[in-house]
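Peer 1: Pasting in a structure now, in structure tokens, and then I'll have a few things to ask.
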Amino acid sequence: MRVAFQTFGCKANQYDTERMRQELEARGASTVELPEGAQLCVVNTCTVTNQADAQARRFIRRVRREYPHVKVVVAGCSAALRADEYRAMDEVSEVVAGHDPVAVATAVAPPRRLVQLGTRKRLDELDREPVGGEILLRREGASRGWLKIQDGCDRKCAFCATRLARGRSRSREADEVIREAVRLSLTHPELVLTGIHIGHYGLDLPDPLSLSGLLVRLLDEVPDTRFRLGSIEATEIDDLMVELLERSGGRVAPHLHMPMQSGADPVLRRMRRWHTREMYRARALQVAERLAAGGSPTVRGTPVLGFGADIITGFPGETDEDHSATVALVEELPFTYLHVFPFSPREGTVAADLVKEMPVPQRVARERSKELRDIVQAKGEAYRRRRAGSRARVVLEGDGRSALTEDYLRVEVQGPLPEDHRVLLDAELVMMDGELGAVLAKG
Ligand code: SF4
């Protein structure tokens with residue numbers, strides 16, 4: 001069986017696709033790209049925005065139009081919430097409500113054990129769905145590996161459908177995470193700790209262990225590998241984690257992606273976020289100041305720190321004043337990039353009801369998004385210019401002409417390439433034709 005895979009959405013979803021691929025390959029399937037004669041295409045869907053759902057549907061229709069002989073199996077977050085809608089599509093052969101790799105393999109090949117396919121799962125079923133199990137051996141065709149440490153989320157943000165599709169926070173046993181990291185480190189010089197809410201890692205384990213505690217073990221037991229934190233909430237960054245960012249000599253990449261969502265307290269409250277604007281602001285400044293004052297590298301007085309956030313504009317009831325508060329916070333904090341989205345209501349969420357009471361016109365939401373993107377683009381460019389002339393430790397991507405720095409800058413690689421892409425490399429960052437590039441150190 002020749003199988004092609006298409007993934008939408010976050011790193012957790014990409015990780016899940018790799019588990020599906022591994023399970024199918026263990027049963028004799030081989031991975032191909034669509035034009036290379038695939039017999040089946042597994043589409044791992046995302047539900048974070050309406051657009052993500054629509055993109056998946058468009059992709060499914062296009063596959064069947066262009067490759068009518070290819071069977072389509074749909075899985076993932078959107079399939080977990082909308083199994084019946086996907087089942088009703090003529091183009092879809094099977095639906096797996098969720099991310100279970102065995103269920104996907106069962107939809108394709110004869111069953112090894114009984115699994116439930118194709119119906120929407122209740123939240124309490126998702127809450128009990130195991131995470132982990134067999135370890136992932138590699139991330140196909142990529143130099144950076146994803147290390148999934150937990151699934152699900154215990155928070156109840158008003159706009160979020162992901163938690164409805166993924167259930168409660170469930171952590172993988174630390175020993176299993178370490179075993180997987182050791183194995184992935186043979187192929188991937190950098191591993192990104194992924195999940196849906198990694199800041200709650202370990203709270204549900206019989207012997208609770210914090211995310212920082214897990215990081216300490218990973219640094220100790222998986223040598224020569226760089227670890228990068230996936231998205232982590234400001235309130236869940238503890239002092240030990242800041243110390244690791246500061247003192248691990250770059251083995252914990254100086255990069256934080258801290259979802260902000262809004263810089264206005266009334267909006268944060270309606271979003272059912274648990275933090276205030278000031279809690280977010282104080283933590284971000286404190287981390288940046290500690291890195292600048294501590295043992296970690298700086299450039300021209302500012303710390304080497306990739307710093308990003310997610311922001312939603314036009315959330316129900318967001319006023320001009322609320323938006324100005326977000327703008328002010330984005331201007332104040334040392335962001336190097338942002339993911340900004342105009343609000344789109346997700347079925348089944350609290351925000352889907354709120355939007356009927358206090359809608360913000362889409363045009364306004366889009367304009368506010370653009371304003372924030374323009375601000376952060378200027379900040380990001382200023383940061384890249386400051387980085388020119390300083391050192392970085394990069395991981396090569398793709399054909400090796402693109403690299404990622406510790407502080408999450410994607411740069412073009414100049415000059416000769418090494419044969420082995422599976423190591424971290426020293427580089428000098430240089431400005432060429434107005435673009436930041438990297439020249440690899442010799443030897
Ligand atoms: S923290 Fe909020 S936005 Fe993030 S997964 Fe949990 S419920 Fe969704």
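Following the order of the structure tokens, first chain is A, next is B, and so on, with residues numbered from 1 inside each chain and ligands from 1 in the order they appear.
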Would you list the residues that come within 6 Å of ligand 1? Count only C-alpha atoms and all ligand atoms and give the answer as a PDB file with C-alpha atoms, in the first residue's frame.

Peer 2:
```pdb
ATOM      1  CA  CYS A 153      -5.930  20.748  27.881  1.00  0.00           C
ATOM      2  CA  ARG A 155      -8.353  25.105  30.517  1.00  0.00           C
ATOM      3  CA  LYS A 156     -11.603  26.349  29.047  1.00  0.00           C
ATOM      4  CA  CYS A 157     -10.736  29.310  26.844  1.00  0.00           C
ATOM      5  CA  CYS A 160     -10.964  27.207  21.696  1.00  0.00           C
ATOM      6  CA  THR A 162      -8.949  22.287  20.242  1.00  0.00           C
ATOM      7  CA  ARG A 163      -9.643  21.224  23.803  1.00  0.00           C
ATOM      8  CA  ILE A 196      -1.558  21.018  23.369  1.00  0.00           C
ATOM      9  CA  HIS A 197      -0.779  22.541  26.776  1.00  0.00           C
TER      10      HIS A 197
END
```

Peer 1: Pick out the residues sitting within 8 Å of Ser262 (chain A), and hand them over as a ChimeraX atom specification; count only C-alpha atoms, and ignore anything fewer than 5 positions along from it in its own chain.

Peer 2: /A:267-268,277,311-313,323,326

Peer 1: If you count only C-alpha atoms, which residues fall within 9 Å of Asp407 (chain A), apart from same-chain ones fewer than 3 positions away, as a ChimeraX atom specification?

Peer 2: /A:253-256,304-307,392,404

Peer 1: Report as a list of chain:residue names: the residues of region 127-251 of chain A with a DSSP assignment of strand (DSSP E), based on the backbone of this structure.

Peer 2: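 Matching residues, listed in order: A:Arg144, A:Gly145, A:Trp146, A:Leu147, A:Lys148, A:Gln150, A:Asp151, A:Arg170, A:Ser171, A:Glu190, A:Leu191, A:Val192, A:Leu193, A:Thr194, A:Arg226, A:Phe227, A:Arg228, A:Leu229.
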
Peer 1: Kindly assemble as JSON lines a list of the region 36-80 of chain A residues that lie within 8 Å of region 4-10 of chain A, each paired with its nearest atom pair and their distance in Å to one decimal, using only C-alpha atoms, sorted first by chain and then by ascending residue number.

Peer 2:
```
{"residue": "A:Ala38", "atom": "CA", "partner": "A:Ala4", "partner_atom": "CA", "distance": 5.9}
{"residue": "A:Gln39", "atom": "CA", "partner": "A:Ala4", "partner_atom": "CA", "distance": 7.9}
{"residue": "A:Leu40", "atom": "CA", "partner": "A:Ala4", "partner_atom": "CA", "distance": 6.3}
{"residue": "A:Cys41", "atom": "CA", "partner": "A:Ala4", "partner_atom": "CA", "distance": 4.7}
{"residue": "A:Val42", "atom": "CA", "partner": "A:Phe5", "partner_atom": "CA", "distance": 4.9}
{"residue": "A:Val43", "atom": "CA", "partner": "A:Gln6", "partner_atom": "CA", "distance": 4.9}
{"residue": "A:Asn44", "atom": "CA", "partner": "A:Thr7", "partner_atom": "CA", "distance": 4.8}
{"residue": "A:Thr45", "atom": "CA", "partner": "A:Phe8", "partner_atom": "CA", "distance": 5.2}
{"residue": "A:Cys46", "atom": "CA", "partner": "A:Gly9", "partner_atom": "CA", "distance": 5.1}
{"residue": "A:Thr47", "atom": "CA", "partner": "A:Gly9", "partner_atom": "CA", "distance": 7.9}
{"residue": "A:Val48", "atom": "CA", "partner": "A:Gly9", "partner_atom": "CA", "distance": 7.5}
{"residue": "A:Ala52", "atom": "CA", "partner": "A:Phe8", "partner_atom": "CA", "distance": 7.1}
{"residue": "A:Ala56", "atom": "CA", "partner": "A:Phe8", "partner_atom": "CA", "distance": 7.3}
```

Peer 1: May I have the residues within 6 Å of Gly98 (chain A) as a list in words, using only C-alpha atoms and disregarding those fewer than 3 positions away in the same chain?

Peer 2: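 The neighbour list is Ala75, Gly76, Cys77 and Ala80 of chain A.
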
Peer 1: Residues within 8 Å of Thr405 (chain A), please, as an NGL selection string. Count only C-alpha atoms; anything in the same chain fewer than 4 positions from it doesn't count.

Peer 2: :A and (392-395 or 409-411)

Peer 1: Closest to Gly415 (chain A) among A:Ala403, A:Ala181, A:Leu440, A:Val74, using only C-alpha atoms?

Peer 2: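 Answer, going by the shortest atom-to-atom distance: A:Leu440.
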
Peer 1: From a backbone DSSP assignment, name each residue in region 289-392 of chain A labelled helix (DSSP H, G or I), as an MDAnalysis selection string.

Peer 2: chainID A and resid 289:293 320:332 350:357 362:387

Peer 1: Keeping C-alpha atoms for every residue in the selection just given, could you write it to a file as a PDB file, in the first residue's frame?

Peer 2:
```pdb
ATOM      1  CA  GLU A 289      15.703  41.029  31.937  1.00  0.00           C
ATOM      2  CA  ARG A 290      17.037  37.861  33.540  1.00  0.00           C
ATOM      3  CA  LEU A 291      18.440  36.653  30.243  1.00  0.00           C
ATOM      4  CA  ALA A 292      20.036  40.070  29.577  1.00  0.00           C
ATOM      5  CA  ALA A 293      21.589  40.234  33.050  1.00  0.00           C
ATOM      6  CA  ASP A 320     -10.936  50.422  20.087  1.00  0.00           C
ATOM      7  CA  GLU A 321      -9.604  51.008  23.589  1.00  0.00           C
ATOM      8  CA  ASP A 322      -9.047  47.273  24.120  1.00  0.00           C
ATOM      9  CA  HIS A 323      -7.228  47.056  20.825  1.00  0.00           C
ATOM     10  CA  SER A 324      -5.045  50.047  21.781  1.00  0.00           C
ATOM     11  CA  ALA A 325      -4.078  48.231  24.978  1.00  0.00           C
ATOM     12  CA  THR A 326      -2.956  45.244  22.881  1.00  0.00           C
ATOM     13  CA  VAL A 327      -1.032  47.514  20.524  1.00  0.00           C
ATOM     14  CA  ALA A 328       0.726  49.184  23.475  1.00  0.00           C
ATOM     15  CA  LEU A 329       1.737  45.837  24.937  1.00  0.00           C
ATOM     16  CA  VAL A 330       3.042  44.553  21.606  1.00  0.00           C
ATOM     17  CA  GLU A 331       5.067  47.740  21.250  1.00  0.00           C
ATOM     18  CA  GLU A 332       6.490  47.460  24.765  1.00  0.00           C
ATOM     19  CA  VAL A 350     -18.676  29.798  24.408  1.00  0.00           C
ATOM     20  CA  ALA A 351     -17.380  32.458  22.038  1.00  0.00           C
ATOM     21  CA  ALA A 352     -19.715  31.223  19.304  1.00  0.00           C
ATOM     22  CA  ASP A 353     -22.616  32.412  21.486  1.00  0.00           C
ATOM     23  CA  LEU A 354     -20.865  35.603  22.575  1.00  0.00           C
ATOM     24  CA  VAL A 355     -20.415  36.704  18.990  1.00  0.00           C
ATOM     25  CA  LYS A 356     -24.187  36.930  18.561  1.00  0.00           C
ATOM     26  CA  GLU A 357     -24.393  39.394  21.473  1.00  0.00           C
ATOM     27  CA  GLN A 362     -14.760  41.185  10.254  1.00  0.00           C
ATOM     28  CA  ARG A 363     -13.345  44.221   8.475  1.00  0.00           C
ATOM     29  CA  VAL A 364     -12.379  45.766  11.844  1.00  0.00           C
ATOM     30  CA  ALA A 365     -10.877  42.491  13.068  1.00  0.00           C
ATOM     31  CA  ARG A 366      -8.806  42.220   9.867  1.00  0.00           C
ATOM     32  CA  GLU A 367      -7.611  45.837  10.102  1.00  0.00           C
ATOM     33  CA  ARG A 368      -6.560  45.311  13.715  1.00  0.00           C
ATOM     34  CA  SER A 369      -4.676  42.154  12.723  1.00  0.00           C
ATOM     35  CA  LYS A 370      -2.849  44.021  10.004  1.00  0.00           C
ATOM     36  CA  GLU A 371      -1.864  46.820  12.357  1.00  0.00           C
ATOM     37  CA  LEU A 372      -0.342  44.339  14.814  1.00  0.00           C
ATOM     38  CA  ARG A 373       1.418  42.415  12.047  1.00  0.00           C
ATOM     39  CA  ASP A 374       2.947  45.635  10.703  1.00  0.00           C
ATOM     40  CA  ILE A 375       4.237  46.570  14.151  1.00  0.00           C
ATOM     41  CA  VAL A 376       5.810  43.203  14.768  1.00  0.00           C
ATOM     42  CA  GLN A 377       7.291  43.024  11.308  1.00  0.00           C
ATOM     43  CA  ALA A 378       9.231  46.225  12.040  1.00  0.00           C
ATOM     44  CA  LYS A 379      10.294  44.895  15.439  1.00  0.00           C
ATOM     45  CA  GLY A 380      11.364  41.570  13.929  1.00  0.00           C
ATOM     46  CA  GLU A 381      13.396  43.294  11.239  1.00  0.00           C
ATOM     47  CA  ALA A 382      15.125  45.503  13.819  1.00  0.00           C
ATOM     48  CA  TYR A 383      15.997  42.384  15.829  1.00  0.00           C
ATOM     49  CA  ARG A 384      17.404  40.642  12.740  1.00  0.00           C
ATOM     50  CA  ARG A 385      19.550  43.681  11.962  1.00  0.00           C
ATOM     51  CA  ARG A 386      20.869  43.690  15.532  1.00  0.00           C
ATOM     52  CA  ARG A 387      21.794  40.024  15.179  1.00  0.00           C
TER      53      ARG A 387
END
```

Peer 1: Let me make sure I understand: among A:Glu406, A:Asp220, A:Glu318, A:Glu91, which one has the smallest atom-to-atom distance to Met271 (chain A) if we use only C-alpha atoms?

Peer 2: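 Distance minimum relative to Met271 (chain A) lands on A:Glu318.
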
Peer 1: As a VMD selection string, please: the residues near region 237-241 of chain A (cut-off 9 Å, only C-alpha atoms, same-chain neighbours under 4 positions excluded).

Peer 2: chain A and resid 199 211 to 213 215 232 to 233 245 to 246 283

Peer 1: Excluding Val108 (chain A) and residues on its chain fewer than 5 positions from it, collect all residues at most 12 Å away from it, counting only C-alpha atoms, and give them as a list in words.

Peer 2: Met1, Arg2, Val3, Met20, Arg21, Glu23, Leu24, Glu25, Arg27, Gly28, Ala29, Gln39, Leu40, Cys41, Val42, Lys71, Val72, Val73, Val74, Ala75, Ser93, Glu94, Val95, Val96, Pro101, Val102, Ala103 and Leu117 of chain A

Peer 1: For the residues selected in the previous step, produce a file with N, CA and C atoms as a compact mmCIF listing (two decimals), in the first residue's frame.

Peer 2:
```txt
# COMPACT_ATOMS: atom_id res chain seq x y z
N MET A 1 0.84 -1.19 0.00
CA MET A 1 0.00 0.00 0.00
C MET A 1 0.88 1.25 0.00
N ARG A 2 0.65 2.12 -0.97
CA ARG A 2 1.42 3.38 -1.03
C ARG A 2 0.55 4.51 -0.47
N VAL A 3 1.04 5.16 0.56
CA VAL A 3 0.22 6.13 1.30
C VAL A 3 0.87 7.51 1.27
N MET A 20 1.09 8.02 12.81
CA MET A 20 0.24 7.28 11.86
C MET A 20 1.12 6.64 10.78
N ARG A 21 2.08 7.44 10.28
CA ARG A 21 2.98 6.93 9.24
C ARG A 21 3.74 5.69 9.75
N GLU A 23 2.94 3.64 12.16
CA GLU A 23 2.05 2.49 12.34
C GLU A 23 1.75 1.83 10.98
N LEU A 24 1.49 2.65 9.98
CA LEU A 24 1.18 2.10 8.65
C LEU A 24 2.40 1.43 8.03
N GLU A 25 3.57 2.04 8.20
CA GLU A 25 4.78 1.44 7.63
C GLU A 25 5.08 0.11 8.32
N ARG A 27 3.03 -1.93 9.13
CA ARG A 27 2.11 -2.91 8.52
C ARG A 27 2.37 -3.08 7.04
N GLY A 28 3.53 -2.57 6.58
CA GLY A 28 3.93 -2.84 5.20
C GLY A 28 3.65 -1.72 4.23
N ALA A 29 3.05 -0.62 4.67
CA ALA A 29 2.78 0.49 3.75
C ALA A 29 4.06 1.26 3.48
N GLN A 39 -1.96 5.24 -3.35
CA GLN A 39 -3.26 4.56 -3.44
C GLN A 39 -4.22 5.14 -2.40
N LEU A 40 -3.62 5.77 -1.39
CA LEU A 40 -4.42 6.27 -0.28
C LEU A 40 -3.81 7.55 0.27
N CYS A 41 -4.65 8.44 0.71
CA CYS A 41 -4.13 9.68 1.30
C CYS A 41 -4.75 9.87 2.69
N VAL A 42 -3.91 9.97 3.70
CA VAL A 42 -4.39 10.25 5.06
C VAL A 42 -4.33 11.76 5.27
N LYS A 71 -7.90 6.68 -2.40
CA LYS A 71 -8.87 6.70 -1.30
C LYS A 71 -8.44 7.73 -0.26
N VAL A 72 -9.40 8.42 0.33
CA VAL A 72 -9.06 9.44 1.32
C VAL A 72 -9.56 9.01 2.70
N VAL A 73 -8.63 8.99 3.67
CA VAL A 73 -8.99 8.73 5.06
C VAL A 73 -8.75 10.02 5.84
N VAL A 74 -9.78 10.47 6.55
CA VAL A 74 -9.68 11.74 7.28
C VAL A 74 -9.57 11.46 8.78
N ALA A 75 -8.63 12.13 9.42
CA ALA A 75 -8.44 11.98 10.87
C ALA A 75 -8.18 13.35 11.47
N SER A 93 -13.40 8.13 2.16
CA SER A 93 -13.66 6.70 2.32
C SER A 93 -13.86 6.32 3.78
N GLU A 94 -13.03 6.86 4.67
CA GLU A 94 -13.11 6.52 6.09
C GLU A 94 -12.84 7.77 6.93
N VAL A 95 -13.43 7.79 8.12
CA VAL A 95 -13.18 8.90 9.05
C VAL A 95 -12.70 8.30 10.37
N VAL A 96 -11.61 8.83 10.88
CA VAL A 96 -11.14 8.44 12.21
C VAL A 96 -11.30 9.67 13.11
N PRO A 101 -3.17 6.38 15.99
CA PRO A 101 -2.53 5.81 14.81
C PRO A 101 -3.03 4.40 14.48
N VAL A 102 -3.39 3.65 15.54
CA VAL A 102 -3.90 2.30 15.29
C VAL A 102 -5.25 2.37 14.60
N ALA A 103 -6.06 3.33 15.00
CA ALA A 103 -7.37 3.50 14.36
C ALA A 103 -7.20 3.87 12.89
N LEU A 117 -14.34 3.79 14.98
CA LEU A 117 -14.04 4.70 13.89
C LEU A 117 -15.24 5.57 13.60
```

Peer 1: With distances taken over only C-alpha atoms, which of A:His421, A:Arg251, A:Arg82, A:Arg217 is nearest to Asp399 (chain A)?

Peer 2: A:His421

Peer 1: Using only C-alpha atoms, can you tell me which of A:Gly202, A:Pro189, A:Pro359, A:Gly437 comes closest to Ser402 (chain A)?

Peer 2: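 For Ser402 (chain A), the nearest of the given residues is A:Gly437.
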
Peer 1: With distances taken over only C-alpha atoms, which of A:Ser344, A:Glu278, A:Arg273, A:Asp310 is nearest to Val360 (chain A)?

Peer 2: A:Ser344

Peer 1: Calculated over only C-alpha atoms, which of the candidates A:Glu85, A:Gly301, A:Ala79, A:Ser210 has the smallest distance to Ala97 (chain A)?

Peer 2: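 Answer, going by the shortest atom-to-atom distance: A:Ala79.
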
Peer 1: How far is it from CA of Ile178 (chain A) to CA of His200 (chain A), in Å with one decimal?

Peer 2: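 Separating CA of Ile178 (chain A) from CA of His200 (chain A) is a distance of 17.6 Å.
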